[in-house]
file work-v1.pdb (PDB, C-alpha atoms, pLDDT in the B column)
ATOM      1  CA  MET T 244      11.700  -4.438 -34.635  1.00 49.00           C
ATOM      2  CA  LEU T 245       9.015  -5.409 -32.133  1.00 57.00           C
ATOM      3  CA  ASN T 246       7.230  -2.095 -32.302  1.00 64.00           C
ATOM      4  CA  LYS T 247       5.780  -1.115 -35.668  1.00 76.00           C
ATOM      5  CA  PHE T 248       4.466   2.386 -35.446  1.00 84.00           C
ATOM      6  CA  ASP T 249       2.963   5.032 -37.664  1.00 90.00           C
ATOM      7  CA  ILE T 250       1.617   8.558 -37.482  1.00 94.00           C
ATOM      8  CA  GLN T 251      -1.108   9.937 -39.721  1.00 95.00           C
ATOM      9  CA  ILE T 252      -2.077  13.605 -39.780  1.00 96.00           C
ATOM     10  CA  ARG T 253      -5.332  14.996 -41.077  1.00 96.00           C
ATOM     11  CA  GLU T 254      -5.431  18.777 -41.251  1.00 94.00           C
ATOM     12  CA  ALA T 255      -8.664  20.780 -41.402  1.00 93.00           C
ATOM     13  CA  GLU T 256      -9.119  24.527 -41.640  1.00 89.00           C
ATOM     14  CA  GLU T 257      -8.741  25.265 -37.931  1.00 91.00           C
ATOM     15  CA  HIS T 258      -7.507  22.059 -36.393  1.00 96.00           C
ATOM     16  CA  ALA T 259      -5.516  18.917 -37.022  1.00 96.00           C
ATOM     17  CA  ILE T 260      -5.996  15.302 -36.003  1.00 97.00           C
ATOM     18  CA  ILE T 261      -2.939  13.208 -35.278  1.00 97.00           C
ATOM     19  CA  GLU T 262      -3.533   9.479 -35.265  1.00 96.00           C
ATOM     20  CA  THR T 263      -0.870   7.198 -33.814  1.00 96.00           C
ATOM     21  CA  THR T 264      -0.478   3.474 -34.366  1.00 95.00           C
ATOM     22  CA  GLY T 265       1.754   1.271 -32.192  1.00 94.00           C
ATOM     23  CA  TYR T 266       3.452   1.368 -28.810  1.00 94.00           C
ATOM     24  CA  LEU T 267       3.907   4.975 -27.661  1.00 94.00           C
ATOM     25  CA  ASN T 268       7.461   4.894 -26.319  1.00 92.00           C
ATOM     26  CA  ASP T 269      10.415   7.225 -26.850  1.00 90.00           C
ATOM     27  CA  ALA T 270      10.734   6.363 -30.561  1.00 90.00           C
ATOM     28  CA  LEU T 271       7.101   6.949 -31.532  1.00 91.00           C
ATOM     29  CA  GLY T 272       6.914   9.783 -29.000  1.00 92.00           C
ATOM     30  CA  GLU T 273       9.769  11.667 -30.630  1.00 92.00           C
ATOM     31  CA  GLN T 274       8.127  11.371 -34.047  1.00 94.00           C
ATOM     32  CA  LEU T 275       4.824  12.474 -32.580  1.00 95.00           C
ATOM     33  CA  SER T 276       6.497  15.432 -30.898  1.00 95.00           C
ATOM     34  CA  GLU T 277       8.200  16.436 -34.150  1.00 95.00           C
ATOM     35  CA  LYS T 278       4.925  16.338 -36.101  1.00 96.00           C
ATOM     36  CA  ALA T 279       3.055  18.227 -33.389  1.00 96.00           C
ATOM     37  CA  GLN T 280       5.758  20.897 -33.190  1.00 95.00           C
ATOM     38  CA  GLU T 281       5.611  21.332 -36.985  1.00 95.00           C
ATOM     39  CA  LEU T 282       1.862  21.903 -36.769  1.00 96.00           C
ATOM     40  CA  ILE T 283       2.184  24.295 -33.825  1.00 96.00           C
ATOM     41  CA  GLN T 284       4.995  26.280 -35.465  1.00 94.00           C
ATOM     42  CA  GLY T 285       2.829  26.482 -38.580  1.00 94.00           C
ATOM     43  CA  GLY T 286       0.053  28.104 -36.563  1.00 94.00           C
ATOM     44  CA  CYS T 287      -2.209  25.089 -36.018  1.00 95.00           C
ATOM     45  CA  VAL T 288      -2.803  25.136 -32.265  1.00 96.00           C
ATOM     46  CA  GLN T 289      -6.056  23.164 -32.038  1.00 97.00           C
ATOM     47  CA  LEU T 290      -5.015  19.522 -31.970  1.00 97.00           C
ATOM     48  CA  VAL T 291      -6.659  16.166 -31.432  1.00 97.00           C
ATOM     49  CA  ILE T 292      -4.508  13.114 -30.759  1.00 97.00           C
ATOM     50  CA  ASN T 293      -6.346   9.885 -31.531  1.00 97.00           C
ATOM     51  CA  LEU T 294      -4.829   6.999 -29.573  1.00 97.00           C
ATOM     52  CA  GLU T 295      -7.330   4.338 -30.627  1.00 96.00           C
ATOM     53  CA  LYS T 296      -4.640   2.303 -32.418  1.00 95.00           C
ATOM     54  CA  THR T 297      -2.087   2.821 -29.665  1.00 95.00           C
ATOM     55  CA  THR T 298      -2.604  -0.019 -27.237  1.00 89.00           C
ATOM     56  CA  LEU T 299       0.303   0.726 -24.906  1.00 94.00           C
ATOM     57  CA  ILE T 300       1.774   4.018 -23.689  1.00 94.00           C
ATOM     58  CA  ASN T 301       4.785   4.018 -21.399  1.00 92.00           C
ATOM     59  CA  SER T 302       5.834   6.808 -19.026  1.00 89.00           C
ATOM     60  CA  ILE T 303       8.342   8.184 -21.554  1.00 90.00           C
ATOM     61  CA  GLY T 304       5.537   8.471 -24.112  1.00 92.00           C
ATOM     62  CA  ILE T 305       3.438  10.255 -21.500  1.00 92.00           C
ATOM     63  CA  SER T 306       6.276  12.702 -20.791  1.00 90.00           C
ATOM     64  CA  ILE T 307       6.348  13.548 -24.511  1.00 92.00           C
ATOM     65  CA  LEU T 308       2.582  14.160 -24.497  1.00 94.00           C
ATOM     66  CA  ILE T 309       3.129  16.546 -21.574  1.00 92.00           C
ATOM     67  CA  GLU T 310       5.708  18.454 -23.652  1.00 92.00           C
ATOM     68  CA  ILE T 311       3.127  18.839 -26.423  1.00 95.00           C
ATOM     69  CA  ILE T 312       0.552  20.127 -23.913  1.00 95.00           C
ATOM     70  CA  GLU T 313       3.090  22.686 -22.656  1.00 93.00           C
ATOM     71  CA  ALA T 314       4.028  23.771 -26.190  1.00 94.00           C
ATOM     72  CA  LEU T 315       0.347  24.328 -26.994  1.00 95.00           C
ATOM     73  CA  GLU T 316      -0.243  26.256 -23.776  1.00 92.00           C
ATOM     74  CA  GLU T 317       2.519  28.685 -24.754  1.00 92.00           C
ATOM     75  CA  ARG T 318       0.521  29.421 -27.930  1.00 93.00           C
ATOM     76  CA  GLU T 319      -2.838  29.398 -26.136  1.00 94.00           C
ATOM     77  CA  GLY T 320      -3.786  26.267 -28.016  1.00 95.00           C
ATOM     78  CA  THR T 321      -5.903  23.269 -27.097  1.00 96.00           C
ATOM     79  CA  LEU T 322      -5.212  19.558 -27.091  1.00 97.00           C
ATOM     80  CA  ASN T 323      -7.890  16.893 -26.853  1.00 97.00           C
ATOM     81  CA  PHE T 324      -7.319  13.154 -26.728  1.00 98.00           C
ATOM     82  CA  CYS T 325      -9.657  10.451 -27.963  1.00 97.00           C
ATOM     83  CA  GLY T 326      -9.684   6.688 -28.363  1.00 97.00           C
ATOM     84  CA  LEU T 327      -8.115   5.947 -24.972  1.00 97.00           C
ATOM     85  CA  SER T 328      -8.617   2.613 -23.247  1.00 95.00           C
ATOM     86  CA  SER T 329      -9.953   2.777 -19.705  1.00 93.00           C
ATOM     87  CA  THR T 330      -6.466   2.038 -18.317  1.00 94.00           C
ATOM     88  CA  GLN T 331      -4.941   4.801 -20.432  1.00 95.00           C
ATOM     89  CA  GLU T 332      -7.610   7.247 -19.290  1.00 95.00           C
ATOM     90  CA  ARG T 333      -7.030   6.275 -15.667  1.00 93.00           C
ATOM     91  CA  THR T 334      -3.275   6.772 -16.099  1.00 92.00           C
ATOM     92  CA  PHE T 335      -3.791  10.179 -17.768  1.00 93.00           C
ATOM     93  CA  ARG T 336      -6.003  11.292 -14.878  1.00 92.00           C
ATOM     94  CA  MET T 337      -3.482  10.029 -12.329  1.00 88.00           C
ATOM     95  CA  MET T 338      -0.694  11.971 -14.028  1.00 87.00           C
ATOM     96  CA  ALA T 339      -2.741  15.203 -14.160  1.00 86.00           C
ATOM     97  CA  ILE T 340      -2.818  15.233 -17.969  1.00 91.00           C
ATOM     98  CA  ALA T 341      -6.611  15.382 -17.824  1.00 90.00           C
ATOM     99  CA  LYS T 342      -6.369  18.758 -16.050  1.00 89.00           C
ATOM    100  CA  TYR T 343      -4.681  20.367 -19.041  1.00 92.00           C
ATOM    101  CA  ALA T 344      -6.071  18.414 -21.996  1.00 95.00           C
ATOM    102  CA  GLY T 345      -9.504  17.075 -22.828  1.00 96.00           C
ATOM    103  CA  ILE T 346     -10.335  13.382 -22.972  1.00 97.00           C
ATOM    104  CA  PHE T 347     -13.166  12.306 -25.264  1.00 97.00           C
ATOM    105  CA  PRO T 348     -14.444   8.925 -26.423  1.00 96.00           C
ATOM    106  CA  ASP T 349     -14.228   9.631 -30.159  1.00 96.00           C
ATOM    107  CA  GLU T 350     -12.817  12.018 -32.746  1.00 96.00           C
ATOM    108  CA  GLU T 351     -16.125  13.744 -33.379  1.00 96.00           C
ATOM    109  CA  SER T 352     -16.552  14.860 -29.769  1.00 97.00           C
ATOM    110  CA  ALA T 353     -12.850  15.671 -29.409  1.00 97.00           C
ATOM    111  CA  VAL T 354     -13.003  17.998 -32.429  1.00 97.00           C
ATOM    112  CA  ALA T 355     -16.315  19.527 -31.335  1.00 96.00           C
ATOM    113  CA  ASN T 356     -14.792  20.483 -27.981  1.00 95.00           C
ATOM    114  CA  LEU T 357     -11.635  22.185 -29.280  1.00 93.00           C
TER     115      LEU T 357
ATOM    116  CA  MET D   7      -4.484 -26.445  -4.723  1.00 49.00           C
ATOM    117  CA  ALA D   8      -4.830 -23.824  -7.440  1.00 63.00           C
ATOM    118  CA  ASP D   9      -3.491 -24.672 -10.881  1.00 83.00           C
ATOM    119  CA  GLU D  10      -0.143 -22.853 -10.986  1.00 90.00           C
ATOM    120  CA  HIS D  11       2.139 -21.965 -13.870  1.00 92.00           C
ATOM    121  CA  LYS D  12       5.648 -20.574 -13.520  1.00 96.00           C
ATOM    122  CA  VAL D  13       7.475 -18.930 -16.410  1.00 97.00           C
ATOM    123  CA  LEU D  14      11.022 -17.600 -16.349  1.00 98.00           C
ATOM    124  CA  LEU D  15      12.197 -15.077 -18.913  1.00 97.00           C
ATOM    125  CA  THR D  16      15.439 -13.158 -19.363  1.00 96.00           C
ATOM    126  CA  ILE D  17      15.499 -10.196 -21.718  1.00 95.00           C
ATOM    127  CA  PRO D  18      18.446  -8.085 -22.827  1.00 94.00           C
ATOM    128  CA  MET D  19      18.298  -4.357 -22.140  1.00 94.00           C
ATOM    129  CA  TYR D  20      17.567  -3.513 -25.776  1.00 89.00           C
ATOM    130  CA  PRO D  21      14.953  -1.027 -26.948  1.00 88.00           C
ATOM    131  CA  ASP D  22      11.429  -2.481 -27.015  1.00 90.00           C
ATOM    132  CA  MET D  23      12.419  -5.786 -25.352  1.00 94.00           C
ATOM    133  CA  GLU D  24      10.063  -4.835 -22.526  1.00 95.00           C
ATOM    134  CA  LEU D  25       7.293  -5.661 -25.014  1.00 95.00           C
ATOM    135  CA  ALA D  26       8.402  -9.314 -24.998  1.00 96.00           C
ATOM    136  CA  ALA D  27       8.003  -9.413 -21.224  1.00 97.00           C
ATOM    137  CA  ALA D  28       4.669  -7.576 -21.397  1.00 97.00           C
ATOM    138  CA  LYS D  29       3.405 -10.043 -24.023  1.00 96.00           C
ATOM    139  CA  THR D  30       4.336 -12.999 -21.821  1.00 97.00           C
ATOM    140  CA  GLY D  31       2.464 -11.435 -18.906  1.00 97.00           C
ATOM    141  CA  SER D  32      -0.592 -10.799 -21.047  1.00 97.00           C
ATOM    142  CA  VAL D  33      -0.659 -14.377 -22.382  1.00 97.00           C
ATOM    143  CA  LEU D  34      -0.536 -15.783 -18.838  1.00 97.00           C
ATOM    144  CA  ALA D  35      -3.238 -13.402 -17.605  1.00 97.00           C
ATOM    145  CA  GLU D  36      -5.478 -14.235 -20.568  1.00 96.00           C
ATOM    146  CA  LEU D  37      -4.901 -17.942 -19.907  1.00 94.00           C
ATOM    147  CA  LYS D  38      -6.550 -17.397 -16.522  1.00 95.00           C
ATOM    148  CA  ASP D  39      -9.337 -15.199 -17.913  1.00 95.00           C
ATOM    149  CA  PHE D  40      -8.222 -11.918 -16.380  1.00 96.00           C
ATOM    150  CA  ASN D  41     -10.364  -9.119 -17.816  1.00 96.00           C
ATOM    151  CA  GLU D  42      -9.118  -6.806 -20.578  1.00 95.00           C
ATOM    152  CA  ASP D  43      -8.342  -3.910 -18.214  1.00 95.00           C
ATOM    153  CA  ALA D  44      -6.320  -6.130 -15.885  1.00 97.00           C
ATOM    154  CA  VAL D  45      -4.313  -7.524 -18.810  1.00 97.00           C
ATOM    155  CA  GLU D  46      -3.453  -4.001 -19.974  1.00 96.00           C
ATOM    156  CA  GLU D  47      -2.556  -2.927 -16.432  1.00 96.00           C
ATOM    157  CA  ILE D  48      -0.252  -5.930 -16.032  1.00 97.00           C
ATOM    158  CA  GLN D  49       1.451  -5.129 -19.340  1.00 97.00           C
ATOM    159  CA  LEU D  50       1.973  -1.505 -18.318  1.00 96.00           C
ATOM    160  CA  ALA D  51       3.427  -2.447 -14.911  1.00 97.00           C
ATOM    161  CA  ILE D  52       5.847  -4.895 -16.562  1.00 97.00           C
ATOM    162  CA  ILE D  53       6.873  -2.305 -19.156  1.00 96.00           C
ATOM    163  CA  GLU D  54       7.528   0.405 -16.551  1.00 94.00           C
ATOM    164  CA  THR D  55       9.545  -1.931 -14.327  1.00 95.00           C
ATOM    165  CA  CYS D  56      11.674  -3.191 -17.217  1.00 95.00           C
ATOM    166  CA  ILE D  57      12.292   0.381 -18.427  1.00 92.00           C
ATOM    167  CA  ASN D  58      13.360   1.424 -14.910  1.00 90.00           C
ATOM    168  CA  ALA D  59      15.793  -1.501 -14.798  1.00 91.00           C
ATOM    169  CA  SER D  60      17.201  -0.626 -18.234  1.00 88.00           C
ATOM    170  CA  GLU D  61      17.506   3.090 -17.526  1.00 84.00           C
ATOM    171  CA  HIS D  62      18.786   3.104 -13.959  1.00 82.00           C
ATOM    172  CA  SER D  63      20.310  -0.202 -12.899  1.00 78.00           C
ATOM    173  CA  GLN D  64      23.715   0.249 -14.583  1.00 82.00           C
ATOM    174  CA  SER D  65      23.941  -3.543 -14.562  1.00 87.00           C
ATOM    175  CA  GLU D  66      27.005  -5.005 -16.246  1.00 88.00           C
ATOM    176  CA  ASP D  67      25.201  -8.014 -17.700  1.00 91.00           C
ATOM    177  CA  LYS D  68      22.558  -5.757 -19.293  1.00 92.00           C
ATOM    178  CA  GLU D  69      19.830  -8.286 -18.558  1.00 95.00           C
ATOM    179  CA  VAL D  70      16.459  -8.219 -16.851  1.00 96.00           C
ATOM    180  CA  HIS D  71      15.229 -11.443 -15.259  1.00 97.00           C
ATOM    181  CA  ILE D  72      11.497 -11.954 -14.957  1.00 98.00           C
ATOM    182  CA  GLN D  73       9.585 -14.621 -13.073  1.00 98.00           C
ATOM    183  CA  PHE D  74       5.859 -15.019 -13.664  1.00 98.00           C
ATOM    184  CA  LEU D  75       3.738 -17.098 -11.317  1.00 97.00           C
ATOM    185  CA  VAL D  76       0.096 -17.352 -12.278  1.00 96.00           C
ATOM    186  CA  THR D  77      -2.664 -19.146 -10.403  1.00 96.00           C
ATOM    187  CA  ASP D  78      -6.423 -19.190 -10.962  1.00 94.00           C
ATOM    188  CA  ASP D  79      -6.878 -15.947  -9.028  1.00 95.00           C
ATOM    189  CA  GLN D  80      -3.681 -13.913  -9.326  1.00 97.00           C
ATOM    190  CA  LEU D  81      -0.534 -13.171 -11.306  1.00 98.00           C
ATOM    191  CA  GLN D  82       2.710 -12.467  -9.495  1.00 98.00           C
ATOM    192  CA  VAL D  83       5.603 -10.913 -11.393  1.00 98.00           C
ATOM    193  CA  LYS D  84       9.127 -10.593 -10.028  1.00 98.00           C
ATOM    194  CA  ILE D  85      11.532  -8.462 -12.068  1.00 97.00           C
ATOM    195  CA  THR D  86      15.221  -8.486 -11.143  1.00 96.00           C
ATOM    196  CA  ASP D  87      18.302  -6.684 -12.367  1.00 94.00           C
ATOM    197  CA  ARG D  88      21.871  -7.166 -11.167  1.00 93.00           C
ATOM    198  CA  GLY D  89      22.663  -3.465 -11.112  1.00 91.00           C
ATOM    199  CA  VAL D  90      23.839  -1.034  -8.471  1.00 88.00           C
ATOM    200  CA  GLY D  91      20.564  -0.800  -6.561  1.00 88.00           C
ATOM    201  CA  ILE D  92      18.250   2.139  -6.075  1.00 79.00           C
ATOM    202  CA  THR D  93      18.180   4.842  -3.459  1.00 70.00           C
ATOM    203  CA  ALA D  94      15.333   6.254  -1.374  1.00 63.00           C
ATOM    204  CA  ASP D  95      15.120   9.417  -3.482  1.00 61.00           C
ATOM    205  CA  THR D  96      14.750   7.274  -6.587  1.00 63.00           C
ATOM    206  CA  LEU D  97      11.981   5.289  -4.945  1.00 60.00           C
ATOM    207  CA  ASP D  98       9.929   8.387  -4.142  1.00 54.00           C
ATOM    208  CA  GLY D  99      10.624   9.817  -7.594  1.00 52.00           C
ATOM    209  CA  THR D 100      12.420  12.996  -6.529  1.00 47.00           C
ATOM    210  CA  ARG D 101      15.719  12.101  -8.200  1.00 44.00           C
ATOM    211  CA  LEU D 102      14.112  11.541 -11.573  1.00 44.00           C
ATOM    212  CA  LEU D 103      11.946  14.594 -11.994  1.00 43.00           C
ATOM    213  CA  GLY D 104      14.162  16.577 -14.350  1.00 46.00           C
ATOM    214  CA  THR D 105      13.505  20.249 -14.945  1.00 48.00           C
ATOM    215  CA  ALA D 106      10.268  21.772 -13.776  1.00 50.00           C
ATOM    216  CA  GLY D 107       7.669  22.283 -16.461  1.00 56.00           C
ATOM    217  CA  VAL D 108       4.903  24.867 -16.741  1.00 55.00           C
ATOM    218  CA  HIS D 109       2.751  22.996 -14.212  1.00 61.00           C
ATOM    219  CA  PRO D 110       4.372  21.378 -11.166  1.00 57.00           C
ATOM    220  CA  ASP D 111       1.767  18.578 -11.149  1.00 59.00           C
ATOM    221  CA  LEU D 112       2.676  17.655 -14.735  1.00 57.00           C
ATOM    222  CA  ARG D 113       5.931  15.949 -13.761  1.00 56.00           C
ATOM    223  CA  LYS D 114       7.626  14.593 -16.834  1.00 54.00           C
ATOM    224  CA  ARG D 115       9.757  11.830 -15.322  1.00 60.00           C
ATOM    225  CA  GLY D 116       9.841   9.539 -12.332  1.00 65.00           C
ATOM    226  CA  ARG D 117       6.236   8.437 -12.714  1.00 78.00           C
ATOM    227  CA  GLY D 118       6.831   4.787 -13.573  1.00 85.00           C
ATOM    228  CA  LEU D 119       6.736   3.563  -9.994  1.00 87.00           C
ATOM    229  CA  GLN D 120       3.647   5.639  -9.267  1.00 87.00           C
ATOM    230  CA  ILE D 121       1.903   3.957 -12.214  1.00 90.00           C
ATOM    231  CA  ILE D 122       2.931   0.477 -11.042  1.00 93.00           C
ATOM    232  CA  LYS D 123       1.695   1.117  -7.486  1.00 92.00           C
ATOM    233  CA  ALA D 124      -1.613   2.490  -8.755  1.00 92.00           C
ATOM    234  CA  LEU D 125      -2.327  -0.391 -11.120  1.00 94.00           C
ATOM    235  CA  MET D 126      -1.173  -3.395  -9.074  1.00 96.00           C
ATOM    236  CA  ASP D 127      -2.694  -4.800  -5.872  1.00 97.00           C
ATOM    237  CA  GLU D 128       0.636  -5.374  -4.106  1.00 96.00           C
ATOM    238  CA  VAL D 129       4.081  -3.970  -4.877  1.00 96.00           C
ATOM    239  CA  MET D 130       7.343  -4.763  -3.106  1.00 95.00           C
ATOM    240  CA  ILE D 131      10.811  -3.420  -3.851  1.00 94.00           C
ATOM    241  CA  GLU D 132      13.998  -5.020  -2.577  1.00 93.00           C
ATOM    242  CA  SER D 133      17.258  -3.317  -3.429  1.00 90.00           C
ATOM    243  CA  SER D 134      20.915  -3.698  -2.505  1.00 90.00           C
ATOM    244  CA  PRO D 135      24.200  -2.702  -4.147  1.00 91.00           C
ATOM    245  CA  ASN D 136      23.975  -6.040  -5.989  1.00 91.00           C
ATOM    246  CA  GLY D 137      20.686  -5.376  -7.691  1.00 92.00           C
ATOM    247  CA  THR D 138      17.008  -4.680  -7.426  1.00 93.00           C
ATOM    248  CA  THR D 139      13.917  -6.854  -7.455  1.00 95.00           C
ATOM    249  CA  VAL D 140      10.485  -5.351  -7.998  1.00 95.00           C
ATOM    250  CA  SER D 141       7.650  -7.768  -7.240  1.00 96.00           C
ATOM    251  CA  PHE D 142       4.015  -7.083  -7.873  1.00 97.00           C
ATOM    252  CA  THR D 143       0.744  -8.956  -7.791  1.00 98.00           C
ATOM    253  CA  LYS D 144      -2.450  -8.465  -9.737  1.00 98.00           C
ATOM    254  CA  LYS D 145      -5.489 -10.238  -8.380  1.00 97.00           C
ATOM    255  CA  LYS D 146      -8.215 -11.399 -10.717  1.00 94.00           C
ATOM    256  CA  ALA D 147     -11.364  -9.355 -10.356  1.00 87.00           C
ATOM    257  CA  THR D 148     -14.300 -11.295  -8.993  1.00 78.00           C
ATOM    258  CA  GLU D 149     -17.458 -10.991 -11.111  1.00 64.00           C
TER     259      GLU D 149
END
call {"tool": "encode", "arguments": {"input": "work-v1.pdb", "output": "structure tokens"}}
result
Amino acid sequence: MLNKFDIQIREAEEHAIIETTGYLNDALGEQLSEKAQELIQGGCVQLVINLEKTTLINSIGISILIEIIEALEEREGTLNFCGLSSTQERTFRMMAIAKYAGIFPDEESAVANL
Amino acid sequence: MADEHKVLLTIPMYPDMELAAAKTGSVLAELKDFNEDAVEEIQLAIIETCINASEHSQSEDKEVHIQFLVTDDQLQVKITDRGVGITADTLDGTRLLGTAGVHPDLRKRGRGLQIIKALMDEVMIESSPNGTTVSFTKKKATE
């Protein structure tokens, strides 16, 4: 397999941080979606997704991130991203993701702004 | 005359094979000292084009043919499938949108071409019932 990926979750009292590693395509995206939905269904609606170890995100991965944003909006939750490259940030802004989710340089600021 | 390198690559339409094409593009761009952002943009454009070919071409040979042409100041990539061609509504993204989400501006699908056009300096699409070729060029940023 060309794409080795992984998802790590760190849960705190009122939020959770999801850290992805690898190419964010349909395969990693589906796992990410599953983990996020588990957190949301369990009542954790303040999420940070750290993409620092995710060097490439394709449009299918982005569509899955949009589904997570929509799921959180239904529960009046918040999603912040951190660790994006400048190209990723530019793509997120172009695709209107930045209108509905926060973009921060690091985990600390992403958590502080939930 | 600028130092020119041409690389030809054929990949099967298997999951993640677009990464092989993206890696080739990144190696060529790095060879010519393209900056980090440009390398990532080239990789993303290659990935999106290969995914479009895999998802929509319906080609019988299930292959994507890629030609890279790199000079000192630009990288040209030509990506061809031998599928059924694409229609005008596919090109503008309207055929691929899927169901409407909560926010109309958060379109879930059909954004690949928009990404390619935004990240590359020139994009050209040629399509017929015998296949589609997407060509794009990334120019090296001048310091």
call {"tool": "resolve_selection", "arguments": {"input": "work-v1.pdb", "expression": "the PyMOL selection byres ((chain D and resi 34) around 9)", "output": "MDAnalysis selection string"}}
result
chainID D and resid 11 13 29:33 35:40 74:76 81
call {"tool": "residues_near_point", "arguments": {"input": "work-v1.pdb", "point": "(-5.0, 9.5, -13.8)", "cutoff": "12 Å", "atoms": "all atoms listed in the file", "output": "list in words"}}
result
Ile305, Ser329, Thr330, Gln331, Glu332, Arg333, Thr334, Phe335, Arg336, Met337, Met338, Ala339, Ile340, Ala341, Lys342 and Ile346 of chain T; Asp111, Leu112, Arg117, Gln120, Ile121, Ala124 and Leu125 of chain D
call {"tool": "atom_distance", "arguments": {"input": "work-v1.pdb", "atom1": "CA of Val90 (chain D)", "atom2": "CA of Lys12 (chain D)"}}
result
27.2 Å
call {"tool": "interface_residues", "arguments": {"input": "work-v1.pdb", "of": "chain T", "to": "chain D", "cutoff": "10 Å", "atoms": "only C-alpha atoms", "output": "VMD selection string"}}
result
chain T and resid 244 to 246 266 268 to 270 298 to 310 312 to 314 316 to 317 328 to 331 333 to 334 337 to 340 342 to 343
call {"tool": "residues_near_point", "arguments": {"input": "work-v1.pdb", "point": "(7.3, 12.5, -34.3)", "cutoff": "12 Å", "atoms": "all atoms listed in the file", "output": "mmCIF file with C-alpha atoms, in the coordinates of the input"}}
result
data_model
loop_
_atom_site.group_PDB
_atom_site.id
_atom_site.type_symbol
_atom_site.label_atom_id
_atom_site.label_comp_id
_atom_site.auth_asym_id
_atom_site.auth_seq_id
_atom_site.Cartn_x
_atom_site.Cartn_y
_atom_site.Cartn_z
ATOM 1 C CA PHE T 248 4.466 2.386 -35.446
ATOM 2 C CA ASP T 249 2.963 5.032 -37.664
ATOM 3 C CA ILE T 250 1.617 8.558 -37.482
ATOM 4 C CA GLN T 251 -1.108 9.937 -39.721
ATOM 5 C CA ILE T 252 -2.077 13.605 -39.780
ATOM 6 C CA ILE T 261 -2.939 13.208 -35.278
ATOM 7 C CA GLU T 262 -3.533 9.479 -35.265
ATOM 8 C CA THR T 263 -0.870 7.198 -33.814
ATOM 9 C CA THR T 264 -0.478 3.474 -34.366
ATOM 10 C CA LEU T 267 3.907 4.975 -27.661
ATOM 11 C CA ASN T 268 7.461 4.894 -26.319
ATOM 12 C CA ASP T 269 10.415 7.225 -26.850
ATOM 13 C CA ALA T 270 10.734 6.363 -30.561
ATOM 14 C CA LEU T 271 7.101 6.949 -31.532
ATOM 15 C CA GLY T 272 6.914 9.783 -29.000
ATOM 16 C CA GLU T 273 9.769 11.667 -30.630
ATOM 17 C CA GLN T 274 8.127 11.371 -34.047
ATOM 18 C CA LEU T 275 4.824 12.474 -32.580
ATOM 19 C CA SER T 276 6.497 15.432 -30.898
ATOM 20 C CA GLU T 277 8.200 16.436 -34.150
ATOM 21 C CA LYS T 278 4.925 16.338 -36.101
ATOM 22 C CA ALA T 279 3.055 18.227 -33.389
ATOM 23 C CA GLN T 280 5.758 20.897 -33.190
ATOM 24 C CA GLU T 281 5.611 21.332 -36.985
ATOM 25 C CA LEU T 282 1.862 21.903 -36.769
ATOM 26 C CA GLY T 304 5.537 8.471 -24.112
ATOM 27 C CA ILE T 307 6.348 13.548 -24.511
ATOM 28 C CA LEU T 308 2.582 14.160 -24.497
ATOM 29 C CA ILE T 311 3.127 18.839 -26.423
#
call {"tool": "axis_aligned_box", "arguments": {"input": "work-v1.pdb", "around": "region 139-143 of chain D", "padding_each_side": "8 Å", "output": "AutoDock Vina command-line options"}}
result
--center_x 7.3 --center_y -7.2 --center_z -7.6 --size_x 29.2 --size_y 19.6 --size_z 16.8
call {"tool": "atom_distance", "arguments": {"input": "work-v1.pdb", "atom1": "CA of Val83 (chain D)", "atom2": "CA of Lys296 (chain T)"}}
result
26.9 Å
call {"tool": "atom_distance", "arguments": {"input": "work-v1.pdb", "atom1": "CA of Ile48 (chain D)", "atom2": "CA of Glu66 (chain D)"}}
result
27.3 Å
call {"tool": "resolve_selection", "arguments": {"input": "work-v1.pdb", "expression": "the PyMOL selection byres ((chain D and resi 85-89) around 6)", "output": "VMD selection string"}}
result
chain D and resid 63 to 65 70 to 72 84 90 to 91 136 to 140
call {"tool": "build_atoms", "arguments": {"input": "work-v1.pdb", "residues": "region 273-280 of chain T", "atoms": "N, CA and C atoms", "output": "compact mmCIF listing (two decimals), in the frame of the given file"}}
result
# COMPACT_ATOMS: atom_id res chain seq x y z
N GLU T 273 8.95 10.62 -30.00
CA GLU T 273 9.77 11.67 -30.63
C GLU T 273 9.21 12.05 -32.00
N GLN T 274 8.75 11.06 -32.74
CA GLN T 274 8.13 11.37 -34.05
C GLN T 274 6.84 12.17 -33.87
N LEU T 275 6.07 11.77 -32.86
CA LEU T 275 4.82 12.47 -32.58
C LEU T 275 5.12 13.92 -32.19
N SER T 276 6.12 14.09 -31.34
CA SER T 276 6.50 15.43 -30.90
C SER T 276 6.92 16.31 -32.08
N GLU T 277 7.72 15.70 -32.97
CA GLU T 277 8.20 16.44 -34.15
C GLU T 277 7.03 16.90 -35.02
N LYS T 278 6.09 15.99 -35.26
CA LYS T 278 4.92 16.34 -36.10
C LYS T 278 4.06 17.40 -35.42
N ALA T 279 3.88 17.25 -34.11
CA ALA T 279 3.06 18.23 -33.39
C ALA T 279 3.72 19.60 -33.40
N GLN T 280 5.03 19.61 -33.19
CA GLN T 280 5.76 20.90 -33.19
C GLN T 280 5.67 21.56 -34.56
